[in-house]
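Visitor: Input structure: my_file_23.cif, which contains mmCIF, C-alpha atoms and all ligand atoms.
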```
data_coords
loop_
_atom_site.label_atom_id
_atom_site.label_comp_id
_atom_site.auth_asym_id
_atom_site.auth_seq_id
_atom_site.Cartn_x
_atom_site.Cartn_y
_atom_site.Cartn_z
CA MET A 85 -288.57 96.86 204.53
CA VAL A 86 -291.85 97.89 202.95
CA PHE A 87 -292.21 98.75 199.28
CA VAL A 88 -293.48 102.23 198.45
CA VAL A 89 -294.91 103.51 195.18
CA ASP A 90 -295.84 107.10 194.39
CA THR A 91 -299.19 108.36 193.15
CA GLU A 92 -298.24 107.41 189.59
CA LYS A 93 -297.39 103.86 190.78
CA ARG A 94 -293.68 104.41 190.14
CA PRO A 95 -291.44 102.64 192.65
CA LEU A 96 -289.69 104.68 195.37
CA SER A 97 -287.04 103.52 197.83
CA PRO A 98 -288.45 100.95 200.29
CA CYS A 99 -289.00 102.30 203.81
CA GLN A 100 -288.88 100.93 207.34
CA PRO A 101 -292.05 99.17 208.64
CA ALA A 102 -292.44 101.73 211.43
CA ARG A 103 -292.48 104.58 208.94
CA ALA A 104 -294.95 102.74 206.72
CA ARG A 105 -297.22 102.17 209.71
CA ARG A 106 -297.06 105.89 210.55
CA LEU A 107 -297.89 106.90 206.98
CA LEU A 108 -300.83 104.51 207.03
CA THR A 109 -302.22 105.67 210.37
CA GLU A 110 -301.82 109.34 209.42
CA GLY A 111 -303.74 108.61 206.22
CA LYS A 112 -300.88 109.70 203.96
CA ALA A 113 -300.68 106.31 202.29
CA ALA A 114 -302.83 103.28 201.59
CA VAL A 115 -302.11 99.59 201.30
CA TRP A 116 -301.64 98.86 197.61
CA ARG A 117 -300.71 95.20 197.80
CA GLN A 118 -300.41 92.67 200.59
CA PHE A 119 -297.80 90.33 199.08
CA PRO A 120 -295.17 91.67 198.92
CA PHE A 121 -296.42 94.39 201.25
CA THR A 122 -296.54 97.64 199.27
CA ILE A 123 -298.01 101.01 200.14
CA ILE A 124 -299.07 103.77 197.77
CA LEU A 125 -298.63 107.41 198.69
CA LYS A 126 -301.69 109.66 198.44
CA ARG A 127 -299.84 112.88 197.59
CA ALA A 128 -297.22 113.52 194.94
CA THR A 129 -293.70 113.72 196.35
CA PRO A 130 -291.04 116.18 195.19
CA ASP A 131 -288.75 114.47 192.71
CA ALA A 132 -286.73 112.05 194.79
CA THR A 133 -284.29 109.76 193.01
CA PRO A 134 -284.69 106.34 194.63
CA GLN A 135 -281.58 104.38 195.61
CA PRO A 136 -280.91 101.72 192.96
CA LEU A 137 -281.38 98.11 194.05
CA ARG A 138 -280.11 94.86 192.59
CA VAL A 139 -282.25 91.71 192.32
CA LYS A 140 -280.14 88.68 193.20
CA ILE A 141 -281.26 85.17 192.32
CA ASP A 142 -280.07 81.78 193.52
CA PRO A 143 -282.11 79.39 191.34
CA GLY A 144 -282.78 75.96 192.79
CA SER A 145 -284.85 73.04 191.62
CA ARG A 146 -287.14 73.12 194.66
CA THR A 147 -286.60 76.57 196.11
CA THR A 148 -285.23 79.75 194.57
CA GLY A 149 -283.79 82.44 196.81
CA LEU A 150 -284.43 86.09 195.94
CA ALA A 151 -282.90 89.16 197.52
CA LEU A 152 -282.98 92.88 196.82
CA VAL A 153 -279.63 94.36 197.77
CA ASN A 154 -278.45 97.95 197.87
CA ASP A 155 -274.94 97.68 196.42
CA ALA A 156 -273.82 101.00 197.93
CA THR A 157 -274.77 100.27 201.55
CA GLY A 158 -274.86 96.47 201.56
CA HIS A 159 -278.37 96.48 203.04
CA VAL A 160 -280.75 93.70 202.06
CA ALA A 161 -283.99 95.58 201.41
CA TRP A 162 -286.21 92.57 200.86
CA ALA A 163 -285.85 88.80 200.60
CA GLY A 164 -288.05 85.97 199.48
CA GLU A 165 -287.97 82.23 198.84
CA VAL A 166 -290.03 80.80 196.00
CA THR A 167 -291.03 77.14 196.36
CA HIS A 168 -291.58 75.71 192.89
CA ARG A 169 -294.24 73.24 191.80
CA GLY A 170 -292.06 71.33 189.31
CA GLN A 171 -292.58 67.98 191.00
CA ARG A 172 -296.35 68.44 191.15
CA ILE A 173 -296.47 69.28 187.44
CA HIS A 174 -294.40 66.19 186.70
CA ASP A 175 -296.74 63.99 188.75
CA ALA A 176 -299.85 65.47 187.14
CA LEU A 177 -298.49 64.82 183.65
CA LEU A 178 -297.66 61.23 184.57
CA THR A 179 -301.23 60.73 185.80
CA ARG A 180 -302.61 62.16 182.58
CA LYS A 181 -300.33 59.92 180.54
CA ALA A 182 -301.46 56.84 182.46
CA SER A 183 -305.15 57.57 182.01
CA ARG A 184 -304.68 58.23 178.28
CA ARG A 185 -302.76 55.01 177.88
CA GLY A 186 -305.51 53.16 179.74
CA ARG A 187 -308.07 54.63 177.36
CA ARG A 188 -306.13 53.49 174.29
CA GLN A 189 -305.79 49.95 175.54
CA ARG A 190 -309.44 49.48 176.42
CA LYS A 191 -311.27 46.96 174.21
CA THR A 192 -313.08 49.49 172.07
CA ARG A 193 -312.90 50.19 168.38
CA TYR A 194 -309.48 50.21 166.74
CA ARG A 195 -307.97 53.67 166.92
CA PRO A 196 -304.75 54.14 164.95
CA SER A 197 -302.16 56.37 166.52
CA ARG A 198 -302.07 59.88 165.21
CA PHE A 199 -299.59 60.62 162.43
CA ASP A 200 -296.55 62.04 164.16
CA ASN A 201 -296.02 65.40 162.47
CA ARG A 202 -295.44 67.40 165.66
CA ARG A 203 -292.10 68.94 166.30
CA ARG A 204 -290.80 70.65 169.40
CA ARG A 205 -289.53 74.15 168.88
CA GLU A 206 -285.90 75.05 169.43
CA GLY A 207 -285.11 75.47 173.11
CA TRP A 208 -288.17 73.52 174.28
CA LEU A 209 -288.06 72.66 177.98
CA THR A 210 -290.19 70.23 179.98
CA PRO A 211 -293.26 71.86 181.56
CA SER A 212 -291.80 71.39 185.05
CA LEU A 213 -288.60 73.25 184.12
CA GLU A 214 -290.58 75.88 182.25
CA SER A 215 -292.66 76.57 185.35
CA ARG A 216 -289.55 77.12 187.47
CA ILE A 217 -288.23 79.68 185.00
CA SER A 218 -291.61 81.39 184.76
CA ASN A 219 -291.82 81.64 188.56
CA VAL A 220 -288.49 83.45 188.72
CA LEU A 221 -289.28 85.75 185.79
CA THR A 222 -292.67 86.59 187.32
CA TRP A 223 -291.03 87.62 190.58
CA VAL A 224 -288.32 89.65 188.89
CA ALA A 225 -291.05 91.49 186.96
CA ARG A 226 -293.06 92.07 190.16
CA LEU A 227 -290.07 93.35 192.08
CA ARG A 228 -289.33 95.76 189.26
CA ARG A 229 -292.84 97.11 189.66
CA TYR A 230 -292.53 97.73 193.43
CA ALA A 231 -288.85 98.65 193.84
CA PRO A 232 -286.28 100.69 191.90
CA VAL A 233 -284.44 97.72 190.38
CA THR A 234 -281.51 98.57 188.10
CA ALA A 235 -279.54 95.33 187.83
CA VAL A 236 -279.81 91.56 188.16
CA SER A 237 -277.37 88.97 189.52
CA GLN A 238 -277.91 85.28 188.89
CA GLU A 239 -276.04 82.17 189.96
CA LEU A 240 -275.47 80.46 186.62
CA VAL A 241 -273.18 77.47 187.19
CA ARG A 242 -271.99 75.52 190.21
CA PHE A 243 -268.30 76.02 189.62
CA ASP A 244 -265.94 77.88 187.36
CA THR A 245 -264.08 75.44 185.11
CA GLN A 246 -261.48 78.11 184.32
CA LEU A 247 -260.41 78.33 187.94
CA LEU A 248 -260.27 74.52 188.13
CA GLU A 249 -257.62 74.42 185.43
CA LYS A 250 -255.26 76.25 187.77
CA PRO A 251 -252.98 73.28 188.42
CA GLU A 252 -251.56 73.96 191.85
CA ILE A 253 -253.77 74.90 194.73
CA SER A 254 -251.34 74.82 197.56
CA GLY A 255 -251.73 73.45 201.07
CA THR A 256 -255.03 74.14 202.75
CA GLU A 257 -256.32 76.51 200.09
CA TYR A 258 -258.87 74.00 198.87
CA GLN A 259 -260.34 73.75 202.38
CA GLN A 260 -260.58 77.40 203.30
CA GLY A 261 -259.73 80.82 202.01
CA GLU A 262 -259.18 81.03 198.28
CA LEU A 263 -262.10 81.37 195.90
CA ALA A 264 -260.56 78.68 193.66
CA GLY A 265 -260.78 76.24 196.58
CA TYR A 266 -264.54 76.73 196.81
CA GLU A 267 -264.91 76.12 193.09
CA VAL A 268 -262.90 72.89 193.45
CA ARG A 269 -265.07 71.74 196.33
CA GLU A 270 -268.31 72.44 194.46
CA TYR A 271 -266.89 70.62 191.44
CA LEU A 272 -265.96 67.56 193.51
CA LEU A 273 -269.33 67.50 195.26
CA GLU A 274 -271.04 67.57 191.87
CA LYS A 275 -268.76 64.94 190.38
CA PHE A 276 -269.13 62.49 193.27
CA ALA A 277 -272.87 63.16 193.69
CA ARG A 278 -272.49 64.73 197.16
CA ARG A 279 -271.62 61.44 198.85
CA CYS A 280 -268.48 59.87 200.28
CA ALA A 281 -266.56 58.34 197.36
CA TYR A 282 -265.59 55.31 199.47
CA CYS A 283 -268.59 54.33 201.61
CA GLY A 284 -271.33 56.32 199.84
CA ALA A 285 -272.41 58.12 203.02
CA THR A 286 -274.66 61.15 202.51
CA GLY A 287 -275.70 63.89 204.88
CA VAL A 288 -272.35 63.86 206.72
CA PRO A 289 -269.59 66.49 206.53
CA LEU A 290 -267.43 65.66 203.52
CA GLN A 291 -263.73 66.47 203.27
CA VAL A 292 -261.58 67.00 200.22
CA GLU A 293 -259.24 64.03 200.02
CA HIS A 294 -256.16 63.10 197.96
CA ILE A 295 -256.48 59.85 196.01
CA ILE A 296 -252.69 59.46 195.97
CA PRO A 297 -251.67 61.09 199.26
CA ARG A 298 -249.45 64.16 199.29
CA ALA A 299 -246.88 62.20 201.30
CA ARG A 300 -246.63 59.66 198.45
CA GLY A 301 -246.12 62.26 195.75
CA GLY A 302 -249.77 62.97 194.91
CA THR A 303 -250.54 66.43 193.52
CA ASN A 304 -253.22 68.98 194.32
CA ARG A 305 -254.67 68.76 190.82
CA VAL A 306 -258.42 68.13 190.75
CA SER A 307 -257.80 64.82 188.99
CA ASN A 308 -256.14 63.62 192.22
CA LEU A 309 -258.91 64.86 194.52
CA THR A 310 -262.11 63.30 195.76
CA ILE A 311 -264.46 63.79 198.69
CA ALA A 312 -264.71 61.46 201.66
CA CYS A 313 -266.37 61.33 205.07
CA GLU A 314 -264.10 61.72 208.07
CA PRO A 315 -264.00 58.01 209.12
CA CYS A 316 -263.05 56.93 205.57
CA ASN A 317 -260.46 59.69 205.28
CA THR A 318 -258.87 58.63 208.57
CA ALA A 319 -259.05 54.90 207.75
CA LYS A 320 -257.44 55.45 204.35
CA GLY A 321 -254.50 57.28 205.92
CA THR A 322 -251.47 57.21 203.61
CA GLN A 323 -252.85 54.49 201.30
CA THR A 324 -253.80 55.21 197.71
CA ALA A 325 -257.40 54.63 196.64
CA ALA A 326 -256.39 51.35 194.93
CA GLU A 327 -254.65 50.11 198.08
CA PHE A 328 -257.76 51.12 200.03
CA ARG A 329 -259.64 48.72 197.69
CA HIS A 330 -261.45 51.44 195.78
CA PRO A 331 -259.76 51.54 192.36
CA GLU A 332 -262.99 52.84 190.79
CA VAL A 333 -262.53 56.19 192.57
CA GLN A 334 -259.28 56.68 190.69
CA ALA A 335 -261.03 55.95 187.39
CA GLN A 336 -263.89 58.32 188.15
CA ALA A 337 -261.54 61.13 189.14
CA ARG A 338 -259.70 60.83 185.81
CA ARG A 339 -262.85 61.37 183.78
CA SER A 340 -262.89 64.65 181.90
CA LEU A 341 -264.18 67.85 183.43
CA LYS A 342 -266.88 68.19 180.78
CA ASP A 343 -268.65 65.00 181.88
CA ALA A 344 -269.27 66.14 185.40
CA ALA A 345 -269.90 69.77 184.52
CA ALA A 346 -273.39 68.88 183.34
CA VAL A 347 -274.82 72.02 181.80
CA ASN A 348 -277.85 73.12 183.68
CA VAL A 349 -280.28 73.90 180.86
CA SER A 350 -282.88 75.69 182.92
CA ARG A 351 -280.34 78.06 184.48
CA TRP A 352 -279.03 78.99 181.05
CA ALA A 353 -282.56 79.45 179.72
CA LEU A 354 -283.31 81.71 182.69
CA PHE A 355 -280.15 83.71 181.98
CA HIS A 356 -281.11 84.26 178.33
CA ARG A 357 -284.61 85.36 179.28
CA LEU A 358 -283.36 87.69 182.01
CA LYS A 359 -281.16 89.39 179.42
CA VAL A 360 -284.29 90.13 177.37
CA THR A 361 -285.61 92.29 180.24
CA GLY A 362 -282.98 94.88 179.30
CA LEU A 363 -281.43 95.00 182.76
CA PRO A 364 -277.69 94.34 183.07
CA VAL A 365 -277.34 90.70 184.17
CA GLU A 366 -274.34 89.66 186.23
CA VAL A 367 -273.61 85.96 186.61
CA GLY A 368 -271.80 84.12 189.39
CA THR A 369 -270.85 80.58 190.29
CA GLY A 370 -271.98 78.44 193.20
CA GLY A 371 -268.42 78.35 194.49
CA ARG A 372 -268.33 82.16 194.53
CA THR A 373 -271.67 82.34 196.36
CA LYS A 374 -270.45 80.02 199.10
CA TRP A 375 -267.13 81.83 199.34
CA ASN A 376 -268.90 85.21 199.65
CA ARG A 377 -271.28 83.89 202.30
CA THR A 378 -268.59 82.16 204.38
CA ARG A 379 -266.27 85.16 204.28
CA ARG A 380 -269.06 87.40 205.57
CA GLY A 381 -269.91 84.90 208.29
CA LEU A 382 -273.54 84.49 207.22
CA PRO A 383 -275.65 81.39 207.91
CA LYS A 384 -276.99 79.15 205.13
CA ALA A 385 -280.42 79.99 203.73
CA HIS A 386 -281.72 80.26 200.20
CA TRP A 387 -282.28 84.03 200.44
CA ILE A 388 -278.88 84.65 202.06
CA ASP A 389 -277.22 82.65 199.28
CA ALA A 390 -279.10 84.83 196.82
CA ALA A 391 -277.79 87.98 198.53
CA CYS A 392 -274.24 86.61 198.12
CA VAL A 393 -274.42 85.80 194.39
CA GLY A 394 -271.81 87.32 192.11
CA ALA A 395 -268.69 89.45 192.27
CA SER A 396 -270.70 92.64 192.91
CA THR A 397 -271.59 91.50 196.47
CA PRO A 398 -270.77 94.36 198.87
CA GLU A 399 -268.02 93.87 201.47
CA ARG A 400 -270.61 93.99 204.26
CA VAL A 401 -274.02 92.44 203.72
CA SER A 402 -276.43 93.33 206.51
CA THR A 403 -279.22 90.80 206.79
CA GLY A 404 -280.37 91.73 210.31
CA GLY A 405 -284.10 91.92 210.90
CA ILE A 406 -284.99 90.53 207.50
CA GLN A 407 -287.76 87.97 207.46
CA PRO A 408 -287.96 86.41 204.00
CA LEU A 409 -291.37 86.15 202.37
CA THR A 410 -292.20 82.50 201.78
CA ILE A 411 -293.77 82.23 198.34
CA ILE A 412 -295.30 78.94 197.25
CA ALA A 413 -296.18 78.41 193.59
CA MET A 414 -299.73 77.04 193.43
CA GLY A 415 -300.72 77.44 189.80
CA ARG A 416 -304.04 78.91 188.73
CA GLY A 417 -306.29 75.91 188.94
CA THR A 418 -306.71 72.97 186.63
CA ARG A 419 -308.13 72.49 183.16
CA GLN A 420 -309.41 69.05 184.00
CA MET A 421 -313.19 69.05 183.55
CA CYS A 422 -313.80 65.67 185.16
CA ALA A 423 -312.14 64.27 188.27
CA PRO A 424 -311.97 60.46 188.11
CA ASN A 425 -311.29 58.05 190.94
CA LYS A 426 -308.21 55.83 190.81
CA TYR A 427 -309.92 53.43 188.36
CA GLY A 428 -310.72 56.21 185.92
CA PHE A 429 -314.40 56.28 186.83
CA PRO A 430 -315.75 59.86 186.64
CA LEU A 431 -316.57 61.15 190.11
CA ARG A 432 -317.45 64.80 189.68
CA HIS A 433 -317.52 67.47 187.02
CA ARG A 434 -316.25 70.96 187.24
CA LYS A 435 -318.53 73.97 187.25
CA ARG A 436 -318.43 76.23 184.22
CA GLN A 437 -317.48 79.28 186.25
CA LYS A 438 -314.47 80.06 188.38
CA ARG A 439 -315.80 82.86 190.56
CA PHE A 440 -318.53 82.47 193.15
CA PHE A 441 -319.99 85.38 195.18
CA GLY A 442 -317.05 87.55 194.07
CA PHE A 443 -314.40 85.10 195.22
CA GLN A 444 -312.08 82.75 193.39
CA THR A 445 -310.04 79.83 194.70
CA GLY A 446 -306.62 81.19 195.63
CA ASP A 447 -307.80 84.59 196.84
CA ILE A 448 -306.46 85.51 200.26
CA VAL A 449 -309.30 86.53 202.52
CA ARG A 450 -309.76 87.85 206.01
CA ALA A 451 -312.83 86.39 207.69
CA VAL A 452 -314.03 87.93 210.94
CA VAL A 453 -316.58 85.41 212.17
CA THR A 454 -318.74 86.97 214.87
CA ALA A 455 -320.92 84.03 215.81
CA GLY A 456 -320.98 80.25 215.89
CA ALA A 457 -318.38 77.54 216.31
CA ARG A 458 -315.86 79.25 214.02
CA MET A 459 -315.86 82.57 215.87
CA GLY A 460 -312.63 84.50 215.47
CA THR A 461 -310.47 86.02 212.75
CA HIS A 462 -309.15 83.75 210.01
CA VAL A 463 -306.70 84.91 207.35
CA GLY A 464 -305.74 82.59 204.55
CA ARG A 465 -306.24 81.18 201.10
CA VAL A 466 -309.83 80.44 200.21
CA ALA A 467 -311.23 77.46 198.31
CA VAL A 468 -314.55 78.49 196.83
CA ARG A 469 -317.69 76.43 196.38
CA SER A 470 -320.93 77.04 194.52
CA ARG A 471 -322.72 77.27 197.87
CA ARG A 472 -322.12 80.08 200.29
CA PHE A 473 -319.68 78.22 202.57
CA PHE A 474 -315.95 78.28 201.82
CA ASN A 475 -312.92 76.56 203.31
CA ILE A 476 -310.08 78.83 204.39
CA TYR A 477 -306.50 77.54 204.62
CA THR A 478 -304.83 79.53 207.40
CA SER A 479 -301.39 79.15 208.96
CA GLY A 480 -303.08 77.24 211.79
CA GLY A 481 -304.83 74.72 209.51
CA MET A 482 -308.06 74.59 207.51
CA VAL A 483 -311.22 76.32 208.74
CA ARG A 484 -314.26 74.64 207.20
CA ASP A 485 -317.51 76.15 205.98
CA VAL A 486 -317.09 79.86 206.62
CA HIS A 487 -320.01 81.87 205.29
CA THR A 488 -319.17 84.36 202.54
CA ARG A 489 -320.69 87.27 204.48
CA TYR A 490 -317.74 87.13 206.89
CA CYS A 491 -315.07 87.06 204.15
CA ARG A 492 -313.25 90.06 202.73
CA GLN A 493 -310.64 89.72 200.00
CA ILE A 494 -307.25 91.18 200.93
CA HIS A 495 -305.25 89.81 198.01
CA GLN A 496 -306.45 88.57 194.67
CA CYS A 497 -305.38 85.11 193.46
CA ASP A 498 -302.01 85.53 191.74
CA GLY A 499 -300.90 81.91 191.45
CA TYR A 500 -298.97 81.91 194.73
CA ALA A 501 -299.59 81.20 198.39
CA TYR A 502 -297.69 82.99 201.12
CA SER A 503 -296.71 82.02 204.62
CA GLY A 504 -294.67 83.66 207.35
CA HIS A 505 -296.12 87.02 206.39
CA GLY A 506 -293.95 88.79 208.91
CA PHE A 507 -294.76 92.47 208.89
CA SER A 508 -297.37 92.50 206.21
CA LEU A 509 -300.33 91.04 208.08
CA THR A 510 -299.47 92.63 211.42
CA GLY A 511 -299.05 95.90 209.60
CA TYR A 512 -302.37 95.36 207.91
CA SER A 513 -304.28 94.75 211.12
CA ASP A 514 -302.50 97.58 212.99
CA ALA A 515 -303.30 100.11 210.32
CA GLN A 516 -306.79 98.74 209.93
CA GLN A 517 -307.50 98.90 213.65
CA ALA A 518 -306.26 102.47 213.78
CA ASN A 519 -308.56 103.41 210.91
CA ASP A 520 -311.63 101.48 212.10
ZN ZN A 601 -267.06 57.26 203.93
#
```
Is it possible to express this structure as structure tokens?
Guide:
Amino acid sequence: MVFVVDTEKRPLSPCQPARARRLLTEGKAAVWRQFPFTIILKRATPDATPQPLRVKIDPGSRTTGLALVNDATGHVAWAGEVTHRGQRIHDALLTRKASRRGRRQRKTRYRPSRFDNRRRREGWLTPSLESRISNVLTWVARLRRYAPVTAVSQELVRFDTQLLEKPEISGTEYQQGELAGYEVREYLLEKFARRCAYCGATGVPLQVEHIIPRARGGTNRVSNLTIACEPCNTAKGTQTAAEFRHPEVQAQARRSLKDAAAVNVSRWALFHRLKVTGLPVEVGTGGRTKWNRTRRGLPKAHWIDAACVGASTPERVSTGGIQPLTIIAMGRGTRQMCAPNKYGFPLRHRKRQKRFFGFQTGDIVRAVVTAGARMGTHVGRVAVRSRRFFNIYTSGGMVRDVHTRYCRQIHQCDGYAYSGHGFSLTGYSDAQQAND
């Protein structure tokens, strides 16, 4: 679906791509934004109340799934996957730390360490965690600008400890069916670090397994459950974990629930900040998400998980034809004024300005090169230089040294890169060709 805003830039209900293309070719609308693709109407529309949409978030440490769902119809109006830059921030800070340490230990004058009077404010998070939260909040704010968003759903915890307390989960319920079973499974996966408790295998299907087998009087309580790969489960048979020469599994399973239910600080921080937006925030568990998705027979993807977050998920979720927008957090450049080599020797210095010939690194440009070795149309993220030749990072790789006279900005640098544009770029060129 394509986002639509009216002449006053107020969000209307998203429309089908075909309709957007017609509006564009008939000149009734213009492209307002490329990512996410949004059109602006040229004439005022009679007061139409847009259908309310719900932003649904499945926060992850590497990738966060986002989906806009119409609760009444179950249609997914838009989906996106944000790739965070937490690891890159972490690496950059380590590099900075190493070069500062190197500077302190050089044989120069004695420099006493600074008096430690700094204190971290309440609720301080590491910069890498902070960036993940900011990415999500940025996208919630953007979606509110382009679509009629009235509510938020967020996956807050992996499993519901209340449901775990339910002592008897009978028979096969912990394998399929009941919601409580999914919570138990998520809990066990978390507790045993997503690997077979006996052989440590990862990346294989894991089964819920009784430490003292049912046949020997073992219960279905979570303290008697673990996860094992199929070969181990079969080999163990009717033995207890101790007889199977793994007494440590028994000990680990007895540990309290609180230990394993490690509170995910960044998810809670995100929840508190989402509440500040004033929208009603619904929270769900990871077990509930998986249960919702499996019951609706949907495949696994970050954006589909997002669409299945929370108890408000409609009975039928239609995801057909949706191509999620891939959003990659890139940051807005660096503050480093001097780039050293690996020995700390200064190699080059940064220019004092960020914009050259009207472009900035991170802008998305469309370059129609009409002559020379680079002839063709290149669309991608630009890296500017002080001379008139830029590099463009397209989906097909980097195109070197494209002259600025061929470049036209189609999207201003907003801290993100986009791939798998789906409709947006095709729509752009179609409409453009019709107009040209
Ligand atoms: Zn195993």
Visitor: I'd like the contact shell of region 473-489 of chain A - 8 Å cut-off, only C-alpha atoms, skipping same-chain residues fewer than 2 positions apart - returned as a list in words.
Guide: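 After dropping sequence-adjacent residues, the list is Phe441, Val449, Ala451, Val453, Arg458, His462, Val463, Gly464, Arg465, Val466, Ala467, Val468, Arg469, Arg471, Cys491 and Ser503 of chain A.
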Visitor: How close does chain A get to ligand ZN 601 (chain A)? List, as a Markdown table, each residue of chain A within 12 Å, its nearest atom pair and the distance in Å to one decimal, counting only C-alpha atoms and all ligand atoms.
Guide:
```
| residue | atom | partner | partner_atom | distance |
| --- | --- | --- | --- | --- |
| A:Arg278 | CA | A:ZN601 | ZN | 11.5 |
| A:Arg279 | CA | A:ZN601 | ZN | 8.0 |
| A:Cys280 | CA | A:ZN601 | ZN | 4.7 |
| A:Ala281 | CA | A:ZN601 | ZN | 6.7 |
| A:Tyr282 | CA | A:ZN601 | ZN | 5.1 |
| A:Cys283 | CA | A:ZN601 | ZN | 4.0 |
| A:Gly284 | CA | A:ZN601 | ZN | 6.0 |
| A:Ala285 | CA | A:ZN601 | ZN | 5.5 |
| A:Thr286 | CA | A:ZN601 | ZN | 8.7 |
| A:Gly287 | CA | A:ZN601 | ZN | 10.9 |
| A:Val288 | CA | A:ZN601 | ZN | 8.9 |
| A:Pro289 | CA | A:ZN601 | ZN | 9.9 |
| A:Leu290 | CA | A:ZN601 | ZN | 8.4 |
| A:Gln291 | CA | A:ZN601 | ZN | 9.8 |
| A:Val292 | CA | A:ZN601 | ZN | 11.8 |
| A:Glu293 | CA | A:ZN601 | ZN | 11.1 |
| A:Thr310 | CA | A:ZN601 | ZN | 11.3 |
| A:Ile311 | CA | A:ZN601 | ZN | 8.8 |
| A:Ala312 | CA | A:ZN601 | ZN | 5.3 |
| A:Cys313 | CA | A:ZN601 | ZN | 4.3 |
| A:Glu314 | CA | A:ZN601 | ZN | 6.8 |
| A:Pro315 | CA | A:ZN601 | ZN | 6.1 |
| A:Cys316 | CA | A:ZN601 | ZN | 4.3 |
| A:Asn317 | CA | A:ZN601 | ZN | 7.2 |
| A:Thr318 | CA | A:ZN601 | ZN | 9.5 |
| A:Ala319 | CA | A:ZN601 | ZN | 9.2 |
| A:Lys320 | CA | A:ZN601 | ZN | 9.8 |
| A:Phe328 | CA | A:ZN601 | ZN | 11.8 |
| A:His330 | CA | A:ZN601 | ZN | 11.5 |
```
Visitor: Go through A:Gln238, A:Gln420, A:Val393, A:Ser350 one by one, measure the shortest atom-to-atom distance of each to Trp208 (chain A) using all atoms listed in the file, and give the residue with the smallest value.
Guide: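 With all atoms listed in the file as the atom set, the closest residue is A:Ser350.
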Visitor: Between CA of Thr324 (chain A) and CA of Glu270 (chain A), what is the distance, to one decimal in Å?
Guide: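 One can read the CA of Thr324 (chain A) to CA of Glu270 (chain A) distance as 22.8 Å.
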Visitor: Please return the centre and edge lengths, in Å to one decimal, of a box with edges along x, y and z that contains all listed atoms of region 310-316 of chain A, widened by 3 Å on every side, as AutoDock Vina command-line options.
Guide:
```
--center_x -264.2 --center_y 60.4 --center_z 202.4 --size_x 10.3 --size_y 12.9 --size_z 19.4
```
Visitor: One number please: CA of Lys93 (chain A) to CA of Val115 (chain A), in Å, one decimal.
Guide: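 The value is 12.3 Å.
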Visitor: Report as a PDB file with C-alpha atoms, in the coordinates of the input all protein, DNA and RNA residues lying within 12 Å of Leu209 (chain A), evaluated on all atoms listed in the file, omitting residues in the same chain fewer than 5 positions from it.
Guide:
```pdb
ATOM      1  CA  ARG A 204    -290.800  70.650 169.400  1.00  0.00           C
ATOM      2  CA  GLU A 214    -290.580  75.880 182.250  1.00  0.00           C
ATOM      3  CA  SER A 215    -292.660  76.570 185.350  1.00  0.00           C
ATOM      4  CA  ARG A 216    -289.550  77.120 187.470  1.00  0.00           C
ATOM      5  CA  ILE A 217    -288.230  79.680 185.000  1.00  0.00           C
ATOM      6  CA  SER A 218    -291.610  81.390 184.760  1.00  0.00           C
ATOM      7  CA  ASN A 348    -277.850  73.120 183.680  1.00  0.00           C
ATOM      8  CA  VAL A 349    -280.280  73.900 180.860  1.00  0.00           C
ATOM      9  CA  SER A 350    -282.880  75.690 182.920  1.00  0.00           C
ATOM     10  CA  ARG A 351    -280.340  78.060 184.480  1.00  0.00           C
ATOM     11  CA  TRP A 352    -279.030  78.990 181.050  1.00  0.00           C
ATOM     12  CA  ALA A 353    -282.560  79.450 179.720  1.00  0.00           C
ATOM     13  CA  LEU A 354    -283.310  81.710 182.690  1.00  0.00           C
TER      14      LEU A 354
END
```
Visitor: Scan for residues within 6 Å of the point (-286.3, 88.1, 192.8) in the coordinates of the file, using all atoms listed in the file, and reply as a list in words.
Guide: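 Residues satisfying the cut-off, written out: Val139, Ile141, Leu150, Ala151, Trp223 and Val224 of chain A.
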Visitor: Which one is closest to Ala390 (chain A): A:Arg117, A:Arg269, A:Arg138, A:Lys181? Count all atoms listed in the file.
Guide: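 Comparing A:Arg117, A:Arg269, A:Arg138, A:Lys181 against Ala390 (chain A), the winner is A:Arg138.
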